[in-house]
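Source file: coords-v8.txt (compact mmCIF, C-alpha atoms and all ligand atoms)
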# COMPACT_ATOMS: atom_id res chain seq x y z
CA MET A 100 0.00 0.00 0.00
CA ARG A 101 1.26 3.52 -0.73
CA VAL A 102 0.13 6.92 0.61
CA GLN A 103 1.60 10.39 0.52
CA VAL A 104 1.66 10.84 4.30
CA ALA A 105 1.59 8.16 7.00
CA ILE A 106 0.40 9.63 10.29
CA ILE A 107 1.22 7.71 13.47
CA GLY A 108 -1.25 8.43 16.30
CA ALA A 109 -4.92 9.46 16.26
CA GLY A 110 -4.81 11.97 19.11
CA PRO A 111 -5.68 15.60 18.34
CA SER A 112 -2.38 16.14 16.44
CA GLY A 113 -2.77 13.17 14.09
CA LEU A 114 -6.49 13.66 13.49
CA LEU A 115 -6.13 17.37 12.79
CA LEU A 116 -3.21 16.81 10.43
CA GLY A 117 -5.20 14.13 8.59
CA HIS A 118 -8.15 16.50 8.30
CA LEU A 119 -6.13 19.47 6.98
CA LEU A 120 -4.22 17.33 4.48
CA ALA A 121 -7.42 15.72 3.19
CA ARG A 122 -8.92 19.17 2.60
CA ALA A 123 -5.88 19.96 0.45
CA GLY A 124 -6.28 16.73 -1.51
CA ILE A 125 -3.28 15.01 0.11
CA ASP A 126 -3.67 11.34 0.74
CA ALA A 127 -2.92 10.26 4.34
CA VAL A 128 -3.56 7.20 6.49
CA ILE A 129 -3.63 7.34 10.30
CA LEU A 130 -2.36 4.38 12.33
CA GLU A 131 -3.47 4.30 15.98
CA ARG A 132 -2.43 1.74 18.58
CA ARG A 133 -5.63 2.03 20.65
CA SER A 134 -9.31 1.62 19.83
CA ALA A 135 -11.43 4.63 18.86
CA GLU A 136 -13.42 4.27 22.12
CA TYR A 137 -10.26 4.33 24.22
CA VAL A 138 -8.98 7.47 22.47
CA LEU A 139 -12.35 9.18 23.01
CA GLY A 140 -12.49 8.19 26.66
CA ARG A 141 -9.26 9.96 27.68
CA ILE A 142 -10.08 13.03 29.78
CA ARG A 143 -7.43 15.64 29.15
CA ALA A 144 -7.20 19.25 28.08
CA GLY A 145 -10.08 21.68 28.10
CA VAL A 146 -8.85 25.23 27.53
CA LEU A 147 -8.47 26.30 23.90
CA GLU A 148 -6.62 29.43 22.82
CA GLN A 149 -8.17 31.77 20.25
CA GLY A 150 -5.62 30.56 17.66
CA THR A 151 -6.76 26.97 18.18
CA ILE A 152 -10.42 27.89 17.79
CA ASP A 153 -9.56 29.94 14.68
CA LEU A 154 -7.78 26.97 13.08
CA LEU A 155 -10.67 24.58 13.87
CA THR A 156 -13.05 27.13 12.36
CA GLU A 157 -10.96 27.58 9.20
CA ALA A 158 -10.79 23.79 8.91
CA GLY A 159 -14.61 23.58 8.96
CA ILE A 160 -14.82 21.72 12.26
CA GLY A 161 -15.41 24.60 14.68
CA ASP A 162 -19.22 24.71 14.66
CA ARG A 163 -19.85 22.68 17.80
CA ALA A 164 -16.96 24.39 19.65
CA HIS A 165 -18.59 27.74 18.87
CA ARG A 166 -22.03 26.47 19.89
CA GLU A 167 -21.14 24.56 23.03
CA GLY A 168 -17.78 26.00 24.12
CA LEU A 169 -17.71 28.49 26.98
CA VAL A 170 -15.84 31.67 26.09
CA HIS A 171 -13.94 33.07 29.07
CA HIS A 172 -12.75 36.64 29.11
CA GLY A 173 -10.95 36.40 32.41
CA VAL A 174 -9.28 34.10 34.89
CA GLU A 175 -8.87 34.28 38.65
CA ILE A 176 -5.71 33.74 40.66
CA ALA A 177 -6.12 33.21 44.42
CA PHE A 178 -3.34 33.54 46.96
CA ALA A 179 -2.94 34.75 50.53
CA GLY A 180 -6.67 34.10 51.01
CA GLN A 181 -7.84 36.49 48.29
CA ARG A 182 -9.02 36.08 44.71
CA HIS A 183 -7.88 38.42 41.95
CA ARG A 184 -9.36 38.53 38.46
CA ILE A 185 -7.21 39.09 35.40
CA ASP A 186 -9.30 40.52 32.60
CA LEU A 187 -7.82 38.72 29.61
CA HIS A 188 -10.09 40.43 27.11
CA LYS A 189 -9.46 43.95 28.35
CA LEU A 190 -5.71 43.36 28.35
CA THR A 191 -5.36 41.50 25.03
CA GLY A 192 -8.66 41.74 23.14
CA LYS A 193 -8.83 37.94 23.31
CA GLY A 194 -10.15 35.18 25.54
CA VAL A 195 -10.02 31.40 25.77
CA THR A 196 -12.69 28.79 25.08
CA VAL A 197 -13.47 25.94 27.43
CA TYR A 198 -14.21 22.95 25.20
CA GLY A 199 -12.92 19.50 26.12
CA GLN A 200 -10.20 17.70 24.20
CA THR A 201 -12.58 14.75 23.98
CA GLU A 202 -15.04 16.97 22.10
CA VAL A 203 -12.34 18.21 19.70
CA THR A 204 -11.36 14.58 19.14
CA ARG A 205 -14.98 13.57 18.54
CA ASP A 206 -15.50 16.39 16.02
CA LEU A 207 -12.36 15.35 14.14
CA MET A 208 -13.29 11.65 14.20
CA GLU A 209 -16.78 12.37 12.91
CA ALA A 210 -15.46 14.61 10.11
CA ARG A 211 -12.99 11.87 9.17
CA ALA A 212 -15.65 9.18 9.12
CA ALA A 213 -18.02 11.39 7.11
CA SER A 214 -15.32 11.87 4.45
CA GLY A 215 -14.59 8.13 4.32
CA LEU A 216 -10.94 8.64 5.31
CA THR A 217 -8.90 5.74 6.68
CA THR A 218 -7.91 5.44 10.31
CA VAL A 219 -6.50 2.05 11.29
CA TYR A 220 -7.31 1.61 14.98
CA GLU A 221 -5.55 -1.10 17.01
CA ALA A 222 -2.58 -1.03 14.64
CA MET A 223 0.03 -3.00 16.58
CA ASP A 224 3.84 -2.93 16.61
CA VAL A 225 4.09 0.11 14.37
CA ARG A 226 7.66 0.59 13.10
CA VAL A 227 9.00 3.47 11.00
CA GLU A 228 12.05 3.07 8.79
CA ALA A 229 14.07 4.58 5.92
CA PHE A 230 12.91 8.10 6.78
CA ASP A 231 16.40 9.34 5.88
CA THR A 232 15.64 8.31 2.27
CA ALA A 233 13.04 9.47 -0.26
CA ASN A 234 11.00 6.30 0.40
CA PRO A 235 10.08 5.90 4.07
CA ILE A 236 8.27 2.73 5.12
CA VAL A 237 5.89 2.01 7.98
CA HIS A 238 5.26 -1.55 9.18
CA TYR A 239 2.38 -2.60 11.43
CA PHE A 240 0.14 -5.50 12.32
CA LYS A 241 -3.65 -5.40 12.20
CA ASP A 242 -5.65 -8.40 13.44
CA GLY A 243 -2.44 -10.43 13.37
CA VAL A 244 -1.74 -9.62 9.70
CA SER A 245 1.50 -7.80 8.82
CA HIS A 246 1.22 -4.64 6.66
CA ARG A 247 3.82 -2.53 4.86
CA LEU A 248 2.98 1.07 4.04
CA ALA A 249 5.20 3.03 1.63
CA CYS A 250 4.92 6.83 1.83
CA ASP A 251 6.55 10.18 1.04
CA PHE A 252 6.51 11.42 4.65
CA ILE A 253 5.86 10.14 8.15
CA ALA A 254 4.22 12.36 10.77
CA GLY A 255 5.03 11.22 14.30
CA CYS A 256 1.92 12.33 16.19
CA ASP A 257 2.14 9.44 18.64
CA GLY A 258 2.44 11.27 21.93
CA TYR A 259 5.07 11.16 24.64
CA HIS A 260 5.17 7.34 24.82
CA GLY A 261 5.14 6.81 21.04
CA ILE A 262 7.69 5.08 18.87
CA CYS A 263 8.58 7.81 16.36
CA ARG A 264 10.85 9.84 18.65
CA GLU A 265 12.43 6.59 19.87
CA SER A 266 13.21 5.62 16.26
CA VAL A 267 15.50 8.59 15.71
CA PRO A 268 19.21 7.76 16.15
CA ALA A 269 20.33 8.95 19.61
CA GLY A 270 23.01 11.24 18.21
CA ALA A 271 20.51 13.15 16.05
CA ILE A 272 18.17 14.31 18.82
CA LYS A 273 18.63 16.32 22.01
CA THR A 274 16.18 16.29 24.87
CA TYR A 275 15.57 18.74 27.72
CA GLU A 276 13.52 17.73 30.72
CA ARG A 277 12.29 18.84 34.13
CA VAL A 278 10.23 16.49 36.26
CA TYR A 279 8.26 18.21 39.02
CA PRO A 280 8.12 16.69 42.51
CA PHE A 281 4.30 16.45 42.59
CA GLY A 282 1.30 15.46 40.50
CA TRP A 283 -2.25 16.63 39.87
CA LEU A 284 -5.18 14.65 41.22
CA GLY A 285 -8.12 15.51 38.98
CA ILE A 286 -11.82 14.72 39.22
CA LEU A 287 -14.59 15.21 36.76
CA SER A 288 -18.10 15.58 38.20
CA ASP A 289 -21.55 16.58 37.05
CA THR A 290 -21.65 19.50 39.44
CA ARG A 291 -22.02 23.23 38.95
CA PRO A 292 -18.60 24.83 38.28
CA ALA A 293 -17.18 26.74 41.25
CA SER A 294 -17.28 29.96 39.28
CA GLU A 295 -17.95 31.18 35.74
CA GLU A 296 -14.18 31.37 35.12
CA LEU A 297 -11.19 29.23 36.06
CA ILE A 298 -9.67 29.78 39.51
CA TYR A 299 -6.00 28.97 40.07
CA VAL A 300 -5.18 28.71 43.77
CA ARG A 301 -1.85 28.98 45.54
CA HIS A 302 -2.24 27.66 49.10
CA GLU A 303 0.11 26.52 51.84
CA ARG A 304 -1.32 22.98 51.50
CA GLY A 305 -0.65 23.00 47.77
CA PHE A 306 -2.05 24.18 44.47
CA SER A 307 -5.62 23.65 43.35
CA LEU A 308 -7.59 24.52 40.23
CA CYS A 309 -11.32 24.89 39.80
CA SER A 310 -12.08 24.36 36.13
CA MET A 311 -14.98 23.02 34.09
CA ARG A 312 -15.97 21.34 30.86
CA SER A 313 -19.46 22.84 30.56
CA ALA A 314 -22.02 24.79 32.58
CA THR A 315 -22.95 21.58 34.42
CA ARG A 316 -19.69 19.60 34.41
CA SER A 317 -16.74 20.53 36.64
CA ARG A 318 -13.09 19.59 36.49
CA HIS A 319 -11.17 20.17 39.72
CA TYR A 320 -7.54 19.48 40.55
CA LEU A 321 -5.44 19.21 43.69
CA GLN A 322 -1.66 19.15 43.88
CA CYS A 323 -0.72 15.77 45.36
CA ALA A 324 2.38 13.72 46.08
CA LEU A 325 3.81 11.70 43.20
CA THR A 326 3.50 8.61 45.35
CA ASP A 327 -0.19 9.23 46.02
CA ARG A 328 -2.85 6.91 44.60
CA VAL A 329 -6.40 7.51 43.42
CA GLU A 330 -7.64 4.87 45.92
CA ASN A 331 -6.43 7.15 48.74
CA TRP A 332 -8.88 9.81 47.60
CA PRO A 333 -12.53 8.88 48.06
CA ASP A 334 -14.73 11.73 46.79
CA ASP A 335 -15.49 13.06 50.30
CA ARG A 336 -11.80 13.45 51.04
CA PHE A 337 -11.22 15.22 47.72
CA TRP A 338 -13.99 17.77 48.29
CA ALA A 339 -12.94 18.38 51.90
CA GLU A 340 -9.35 19.03 50.86
CA LEU A 341 -10.40 21.29 48.01
CA LYS A 342 -12.55 23.33 50.40
CA THR A 343 -9.61 23.87 52.75
CA ARG A 344 -7.64 25.36 49.84
CA LEU A 345 -10.42 27.77 48.81
CA ASP A 346 -11.48 30.99 50.51
CA PRO A 347 -14.49 30.62 52.88
CA GLU A 348 -17.01 32.06 50.40
CA MET A 349 -15.91 29.72 47.60
CA ALA A 350 -15.78 26.74 49.95
CA GLU A 351 -19.28 27.49 51.26
CA ASN A 352 -20.74 27.66 47.73
CA LEU A 353 -18.85 24.74 46.23
CA ASP A 354 -21.22 22.26 44.60
CA THR A 355 -19.99 18.74 45.36
CA GLY A 356 -21.08 15.34 44.09
CA PRO A 357 -19.89 11.95 42.94
CA SER A 358 -16.89 11.88 40.62
CA ILE A 359 -17.29 10.36 37.17
CA GLU A 360 -13.54 10.20 36.55
CA LYS A 361 -10.57 10.46 38.84
CA SER A 362 -6.90 10.28 37.92
CA ILE A 363 -3.41 11.39 38.92
CA ALA A 364 -1.10 12.93 36.33
CA PRO A 365 2.60 13.62 36.91
CA LEU A 366 3.90 17.04 35.82
CA ARG A 367 6.77 17.34 33.40
CA SER A 368 8.45 19.86 31.09
CA PHE A 369 10.09 18.20 28.09
CA VAL A 370 11.36 19.20 24.67
CA ALA A 371 13.07 17.08 22.01
CA GLU A 372 14.93 18.92 19.25
CA PRO A 373 14.88 19.12 16.28
CA MET A 374 11.43 18.09 15.07
CA ARG A 375 12.40 16.94 11.58
CA PHE A 376 14.64 14.00 10.65
CA GLY A 377 14.73 13.68 6.88
CA ARG A 378 11.17 12.67 6.00
CA LEU A 379 10.01 12.07 9.57
CA PHE A 380 8.37 14.94 11.44
CA LEU A 381 7.50 14.96 15.13
CA ALA A 382 4.52 16.97 16.36
CA GLY A 383 2.55 17.50 19.58
CA ASP A 384 3.27 15.51 22.72
CA ALA A 385 5.67 13.28 20.76
CA THR A 386 8.16 16.11 20.96
CA HIS A 387 7.14 18.38 23.84
CA ILE A 388 5.32 18.21 27.15
CA VAL A 389 4.34 21.09 29.40
CA PRO A 390 2.89 20.93 32.90
CA PRO A 391 -0.86 21.54 32.46
CA THR A 392 -0.87 24.69 34.62
CA GLY A 393 -0.65 27.05 31.63
CA ALA A 394 -3.18 24.98 29.57
CA LYS A 395 -0.74 24.92 26.67
CA GLY A 396 -0.25 21.23 25.70
CA LEU A 397 -3.13 20.80 23.28
CA ASN A 398 -2.73 24.33 21.95
CA LEU A 399 0.94 23.72 21.17
CA ALA A 400 0.07 20.48 19.41
CA VAL A 401 -2.44 22.36 17.25
CA ALA A 402 0.19 25.04 16.48
CA ASP A 403 2.67 22.35 15.34
CA ILE A 404 0.03 20.91 13.04
CA ARG A 405 -0.76 24.32 11.64
CA TYR A 406 2.90 24.64 10.57
CA LEU A 407 3.29 21.00 9.49
CA SER A 408 0.13 20.87 7.36
CA ALA A 409 1.12 24.15 5.64
CA ALA A 410 4.65 22.79 5.00
CA LEU A 411 3.39 19.55 3.46
CA ILE A 412 0.80 21.35 1.33
CA GLU A 413 3.59 23.70 0.16
CA HIS A 414 5.79 20.70 -0.67
CA TYR A 415 3.18 19.21 -2.97
CA ALA A 416 2.77 22.64 -4.59
CA GLY A 417 6.51 22.67 -5.35
CA SER A 418 8.32 24.42 -2.46
CA ASP A 419 10.25 22.89 0.45
CA GLN A 420 10.69 26.12 2.36
CA GLY A 421 8.00 25.24 4.92
CA ILE A 422 9.51 21.81 5.49
CA ASP A 423 12.95 23.31 5.99
CA GLU A 424 11.64 25.89 8.46
CA TYR A 425 9.19 23.61 10.29
CA SER A 426 11.36 22.68 13.25
CA ALA A 427 12.75 26.15 13.98
CA LYS A 428 9.31 27.82 13.66
CA CYS A 429 7.66 25.37 16.03
CA LEU A 430 10.49 25.35 18.57
CA ARG A 431 10.46 29.10 18.98
CA ARG A 432 6.79 28.98 19.96
CA ILE A 433 7.28 25.81 22.04
CA TRP A 434 10.09 27.25 24.17
CA ARG A 435 8.06 30.36 24.93
CA ALA A 436 5.12 28.20 26.03
CA GLU A 437 7.52 26.00 28.01
CA ARG A 438 8.79 29.11 29.81
CA PHE A 439 5.27 30.32 30.64
CA SER A 440 4.10 26.88 31.81
CA TRP A 441 7.21 26.40 33.99
CA TRP A 442 6.86 29.91 35.43
CA PHE A 443 3.14 29.60 36.23
CA THR A 444 3.71 26.15 37.75
CA SER A 445 6.57 27.49 39.89
CA MET A 446 4.39 30.40 41.06
CA LEU A 447 1.47 28.31 42.24
CA HIS A 448 2.75 24.99 43.58
CA ARG A 449 4.25 24.05 46.88
CA PHE A 450 7.72 22.61 46.33
CA PRO A 451 9.11 20.35 49.07
CA ASP A 452 12.27 22.43 49.42
CA THR A 453 10.77 25.93 49.31
CA ALA A 454 12.23 28.06 52.11
CA ALA A 455 10.02 30.57 53.95
CA PHE A 456 11.84 33.41 52.19
CA ASP A 457 11.19 31.94 48.73
CA SER A 458 7.55 31.47 49.57
CA ARG A 459 7.16 35.16 50.46
CA ILE A 460 8.95 36.09 47.23
CA LEU A 461 6.36 34.05 45.27
CA ASP A 462 3.53 35.87 47.09
CA ALA A 463 5.18 39.16 46.15
CA GLU A 464 5.51 38.11 42.53
CA LEU A 465 1.85 37.09 42.30
CA ASP A 466 0.91 40.35 44.00
CA TYR A 467 2.84 42.15 41.26
CA VAL A 468 1.24 40.07 38.49
CA VAL A 469 -2.31 40.85 39.60
CA HIS A 470 -1.75 44.54 40.44
CA SER A 471 0.64 45.78 37.76
CA HIS A 472 -0.90 46.56 34.37
CA ALA A 473 2.36 45.59 32.63
CA ALA A 474 2.70 42.29 34.52
CA SER A 475 -1.01 41.40 34.10
CA THR A 476 -0.70 42.09 30.37
CA ALA A 477 2.37 39.86 30.09
CA PHE A 478 0.47 37.09 31.89
CA ALA A 479 -2.67 37.58 29.79
CA GLU A 480 -0.92 37.56 26.41
CA ASN A 481 0.79 34.29 27.26
CA TYR A 482 -2.37 32.73 28.69
CA VAL A 483 -4.54 33.49 25.64
CA GLY A 484 -1.70 32.34 23.35
CA LEU A 485 1.08 34.32 21.72
CA PRO A 486 0.42 35.50 18.18
CA PHE A 487 1.74 33.16 15.48
CA ASP A 488 4.07 35.54 13.74
CA ALA A 489 5.41 37.45 16.74
C1 LIG B 1 -4.19 14.51 32.46
C2 LIG B 1 -3.86 15.49 31.37
C3 LIG B 1 -4.40 16.79 31.42
C4 LIG B 1 -4.10 17.70 30.43
N1 LIG B 1 -4.65 18.96 30.51
C5 LIG B 1 -4.37 19.85 29.52
C6 LIG B 1 -4.96 21.16 29.51
O1 LIG B 1 -5.73 21.53 30.40
N2 LIG B 1 -4.69 21.99 28.48
C7 LIG B 1 -3.86 21.61 27.44
O2 LIG B 1 -3.68 22.38 26.49
N3 LIG B 1 -3.28 20.38 27.43
C8 LIG B 1 -3.52 19.50 28.44
N4 LIG B 1 -2.97 18.26 28.39
C9 LIG B 1 -2.10 17.93 27.27
C10 LIG B 1 -2.89 17.51 26.06
O3 LIG B 1 -3.83 16.54 26.40
C11 LIG B 1 -1.88 16.98 25.05
O4 LIG B 1 -0.95 17.99 24.78
C12 LIG B 1 -2.54 16.50 23.76
O5 LIG B 1 -3.25 15.30 23.98
C13 LIG B 1 -1.48 16.27 22.69
O6 LIG B 1 -2.05 15.64 21.57
P1 LIG B 1 -1.21 14.64 20.67
O7 LIG B 1 -2.14 14.22 19.61
O8 LIG B 1 0.06 15.29 20.30
O9 LIG B 1 -0.82 13.44 21.63
P2 LIG B 1 -1.79 12.35 22.29
O10 LIG B 1 -3.09 12.95 22.65
O11 LIG B 1 -0.98 11.69 23.35
O12 LIG B 1 -2.04 11.32 21.11
C14 LIG B 1 -1.07 10.41 20.67
C15 LIG B 1 -1.76 9.20 20.09
O13 LIG B 1 -0.77 8.32 19.57
C16 LIG B 1 -1.13 6.99 19.93
N5 LIG B 1 0.08 6.15 19.94
C17 LIG B 1 1.06 6.10 20.87
N6 LIG B 1 1.99 5.20 20.52
C18 LIG B 1 1.61 4.68 19.35
C19 LIG B 1 2.15 3.70 18.50
N7 LIG B 1 3.27 3.07 18.82
N8 LIG B 1 1.49 3.39 17.38
C20 LIG B 1 0.33 4.00 17.03
N9 LIG B 1 -0.24 4.94 17.81
C21 LIG B 1 0.39 5.29 18.96
C22 LIG B 1 -1.75 7.13 21.30
O14 LIG B 1 -2.58 6.03 21.63
C23 LIG B 1 -2.53 8.43 21.13
O15 LIG B 1 -3.84 8.20 20.68
C24 LIG B 1 -3.24 17.32 29.37
C25 LIG B 1 -2.70 16.04 29.32
C26 LIG B 1 -2.99 15.13 30.30
C27 LIG B 1 -2.37 13.75 30.24

Mind converting the file's structure to structure tokens?
Amino acid sequence: MRVQVAIIGAGPSGLLLGHLLARAGIDAVILERRSAEYVLGRIRAGVLEQGTIDLLTEAGIGDRAHREGLVHHGVEIAFAGQRHRIDLHKLTGKGVTVYGQTEVTRDLMEARAASGLTTVYEAMDVRVEAFDTANPIVHYFKDGVSHRLACDFIAGCDGYHGICRESVPAGAIKTYERVYPFGWLGILSDTRPASEELIYVRHERGFSLCSMRSATRSRHYLQCALTDRVENWPDDRFWAELKTRLDPEMAENLDTGPSIEKSIAPLRSFVAEPMRFGRLFLAGDATHIVPPTGAKGLNLAVADIRYLSAALIEHYAGSDQGIDEYSAKCLRRIWRAERFSWWFTSMLHRFPDTAAFDSRILDAELDYVVHSHAASTAFAENYVGLPFDA
């Protein structure tokens, strides 16, 4: 079998790339290790930057996000017992949209199915080879049968634990990593969100975040130890701990109820450079991870795909400039989002080795962020997403 582009991974990166290439008449197959149901069941990101919404709209798959997404013009940061609102819209003219990653994935899957495009789910033992030649090959098994896929390009959209990054010779790739000494315990519940906007809380017992997926579905997080386990957190304990980290008014009004999902995620900053190896491109979580505090992971993945789809479309129109510039363009944006995510994480979390002095310095920095017009603007322009050509 031969295609122009073999896409490994049917997360948001792979599905969006497949969609954009198909609209340009480029033939692509997506190979995904898991089942479609499994991919749809993963509860992950939920805050979309304006640039992400714009791209989904341009790609003809933004209707439901516009209809059902919640547009937020501000965000609250709580510390030292007080909440402070940052007016994103007033400071930048932009906002963010709360619309779950699962919904983006569903929209992309439905568009793909409606166009009759091929996604091979439960493709096992995917291997990529010869990507340093003009004829890359992908091998995989489906239902025990071995397949060989010849292609012009391979897009490694297979997430942090995928095989594409691992297939690059060690000497050709450099990685940068910071692992944080805590995780996030998250619960999803059909309860009224704590507020109309997200609330990020710095507290002496640790960080917490009150977020949502819709007007009736909440997503809350607590900073927890890396060694902690979901079984240690029955719902009652979760809600009680969250209340202790909120101010009395918020705690009093918090709507609580049974969780419908509960998980612990470790926090990590990670970048692998470059993002192109001959005819293999890496995109999304396959090449970078940010701690979720800045809500940048999915948005960065979408930005990579914006550049990669344009580069491949340009290639088939006769120019390789986009392909040559792909890695550098993405990495510039990625490192700025890495910086913001690291900074916001460092501001809000309790680190085991934070001295009393450092803690007061963090309070002072947050105080500056929420009260200085210049500092609030810097925060807001990063939070809503930096412009693409800046
Ligand atoms: C708990 C959690 C919360 C998050 N919260 C946020 C948030 O609030 N805001 C935000 O912007 N981001 C958030 N993120 C990050 C966001 O979910 C990711 O950045 C996003 O999923 C990246 O999409 P992707 O398609 O690049 O990778 P993935 O979504 O990881 O998709 C990769 C796909 O490749 C498949 N795959 C892997 N290996 C193989 C293989 N060998 N063969 C074939 N297929 C393979 C996987 O099954 C998967 O379907 C969160 C992530 C997690 C884990």

Which neighbours of range 439-454 of chain A fall inside 7 Å, counting all atoms listed in the file, when residues of the same chain fewer than 2 positions from it are skipped, and could you give them as a list in words?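 My list of contacting residues is Val300, Arg301, Glu303, Gly305, Phe306, Val389, Pro390, Thr392, Gly393, Arg435, Ala436, Glu437, Phe456, Asp457, Ser458, Leu461 and Asn481 of chain A.
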
With only C-alpha atoms and all ligand atoms counted and 6 Å as the cut-off, give the residues of chain A in contact with ligand LIG 1 (chain B), each with its shortest interatomic distance in Å and the pair that gives it, as a Markdown table.
| residue | atom | partner | partner_atom | distance |
| --- | --- | --- | --- | --- |
| A:Ile107 | CA | B:LIG1 | C20 | 5.2 |
| A:Gly108 | CA | B:LIG1 | O13 | 3.3 |
| A:Ala109 | CA | B:LIG1 | O15 | 4.7 |
| A:Gly110 | CA | B:LIG1 | O12 | 3.5 |
| A:Pro111 | CA | B:LIG1 | O7 | 4.0 |
| A:Ser112 | CA | B:LIG1 | O7 | 3.7 |
| A:Gly113 | CA | B:LIG1 | O7 | 5.7 |
| A:Leu130 | CA | B:LIG1 | C20 | 5.4 |
| A:Glu131 | CA | B:LIG1 | N9 | 3.8 |
| A:Arg132 | CA | B:LIG1 | C20 | 3.9 |
| A:Arg133 | CA | B:LIG1 | O14 | 5.1 |
| A:Val138 | CA | B:LIG1 | O15 | 5.5 |
| A:Arg143 | CA | B:LIG1 | C3 | 4.0 |
| A:Ala144 | CA | B:LIG1 | C5 | 3.2 |
| A:Gly145 | CA | B:LIG1 | O1 | 4.9 |
| A:Val146 | CA | B:LIG1 | N2 | 5.4 |
| A:Val225 | CA | B:LIG1 | N8 | 5.2 |
| A:Cys256 | CA | B:LIG1 | O8 | 5.4 |
| A:Asp257 | CA | B:LIG1 | O13 | 3.3 |
| A:Gly258 | CA | B:LIG1 | O11 | 3.7 |
| A:His260 | CA | B:LIG1 | N6 | 5.8 |
| A:Gly261 | CA | B:LIG1 | N6 | 3.6 |
| A:Ile262 | CA | B:LIG1 | N7 | 4.9 |
| A:Ala364 | CA | B:LIG1 | C1 | 5.2 |
| A:Gly383 | CA | B:LIG1 | O8 | 3.4 |
| A:Asp384 | CA | B:LIG1 | O8 | 4.0 |
| A:Ala385 | CA | B:LIG1 | O8 | 6.0 |
| A:Pro391 | CA | B:LIG1 | C5 | 4.9 |
| A:Ala394 | CA | B:LIG1 | N2 | 3.5 |
| A:Lys395 | CA | B:LIG1 | O2 | 3.9 |
| A:Gly396 | CA | B:LIG1 | O4 | 3.4 |
| A:Leu397 | CA | B:LIG1 | O2 | 3.6 |
| A:Asn398 | CA | B:LIG1 | O2 | 5.0 |
| A:Ala400 | CA | B:LIG1 | O8 | 5.3 |

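Shortest separation to Tyr279 in chain A among A:Ile359, A:Leu216, A:Leu297, A:Leu366 occurs at residue A:Leu366, atoms counted being all atoms listed in the file.
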
Restricting the calculation to all atoms listed in the file: of A:Ser245, A:Thr386, A:Ser310, A:Ser471, which residue gets closest to Pro373 in chain A?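 Ranking A:Ser245, A:Thr386, A:Ser310, A:Ser471 by distance to Pro373 in chain A, first place goes to A:Thr386.
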
List as an mmCIF file with C-alpha atoms, in the coordinates of the input: which residues have an atom within 10 Å of (12.1, 3.0, 12.2), counting all atoms listed in the file?
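Below is the file that was written, part10.cif:
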data_model
loop_
_atom_site.group_PDB
_atom_site.id
_atom_site.type_symbol
_atom_site.label_atom_id
_atom_site.label_comp_id
_atom_site.auth_asym_id
_atom_site.auth_seq_id
_atom_site.Cartn_x
_atom_site.Cartn_y
_atom_site.Cartn_z
ATOM 1 C CA VAL A 225 4.090 0.110 14.370
ATOM 2 C CA ARG A 226 7.660 0.590 13.100
ATOM 3 C CA VAL A 227 9.000 3.470 11.000
ATOM 4 C CA GLU A 228 12.050 3.070 8.790
ATOM 5 C CA ALA A 229 14.070 4.580 5.920
ATOM 6 C CA PHE A 230 12.910 8.100 6.780
ATOM 7 C CA ASP A 231 16.400 9.340 5.880
ATOM 8 C CA PRO A 235 10.080 5.900 4.070
ATOM 9 C CA ILE A 236 8.270 2.730 5.120
ATOM 10 C CA VAL A 237 5.890 2.010 7.980
ATOM 11 C CA HIS A 238 5.260 -1.550 9.180
ATOM 12 C CA ILE A 262 7.690 5.080 18.870
ATOM 13 C CA CYS A 263 8.580 7.810 16.360
ATOM 14 C CA ARG A 264 10.850 9.840 18.650
ATOM 15 C CA GLU A 265 12.430 6.590 19.870
ATOM 16 C CA SER A 266 13.210 5.620 16.260
ATOM 17 C CA VAL A 267 15.500 8.590 15.710
ATOM 18 C CA PRO A 268 19.210 7.760 16.150
ATOM 19 C CA LEU A 379 10.010 12.070 9.570
#

Provide the CA of Gly173 in chain A to CA of Tyr467 in chain A distance in Å, to one decimal place.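 Between CA of Gly173 in chain A and CA of Tyr467 in chain A the gap is 17.4 Å.
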
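Nearest residue to Ser317 in chain A among A:Thr343, A:Thr217, A:Gln103, A:Ser358 is A:Ser358, counting all atoms listed in the file.
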
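With CA of Ile129 in chain A on one side and CA of Lys273 in chain A on the other, the separation reads 26.7 Å.
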
Nearest candidate to Pro357 in chain A (options A:Asp251, A:Asp334, A:Asp327, A:Asp242; using all atoms listed in the file):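 Smallest separation from Pro357 in chain A among the options: A:Asp334.
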
Using only C-alpha atoms, which of the listed residues (A:Leu119, A:Met349, A:Ala271, A:Val203) sits closest to Phe376 in chain A? A:Ala271

Report, in Å with one decimal, the straight-line distance from CA of Arg277 in chain A to CA of Phe369 in chain A.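 Distance between the two atoms: 6.5 Å.
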
As a PyMOL selection string, please: the residues near Ser288 in chain A (cut-off 12 Å, all atoms listed in the file, same-chain neighbours under 5 positions excluded). chain A and resi 142+293+309-320+334+337-338+354-361

Among listed residues A:Ile460, A:Ala416, A:Ile298, A:Leu308, nearest Gln181 in chain A (using all atoms listed in the file): A:Ile298

Return as AutoDock Vina command-line options the box centre and box size in Å, one decimal, for an axis-aligned box around all listed atoms of range 136-139 of chain A padded by 3 Å per side.
--center_x -11.2 --center_y 6.7 --center_z 23.2 --size_x 10.4 --size_y 10.9 --size_z 8.1

Would you pick out the contacts of Leu139 in chain A at 10 Å or less, using all atoms listed in the file, so that residues sharing its chain but fewer than 2 positions from it are not included, and give the list as an NGL selection string? :A and (110 or 134-137 or 141-142 or 200-205 or 208)

Slice of the block: range 247-251 of chain A, C-alpha atoms, as a short mmCIF file (atom, residue, chain, number, x, y, z; two decimals), in the first residue's frame:
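Final output, saved to out02.cif:
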data_model
loop_
_atom_site.label_atom_id
_atom_site.label_comp_id
_atom_site.auth_asym_id
_atom_site.auth_seq_id
_atom_site.Cartn_x
_atom_site.Cartn_y
_atom_site.Cartn_z
CA ARG A 247 3.82 -2.53 4.86
CA LEU A 248 2.98 1.07 4.04
CA ALA A 249 5.20 3.03 1.63
CA CYS A 250 4.92 6.83 1.83
CA ASP A 251 6.55 10.18 1.04
#
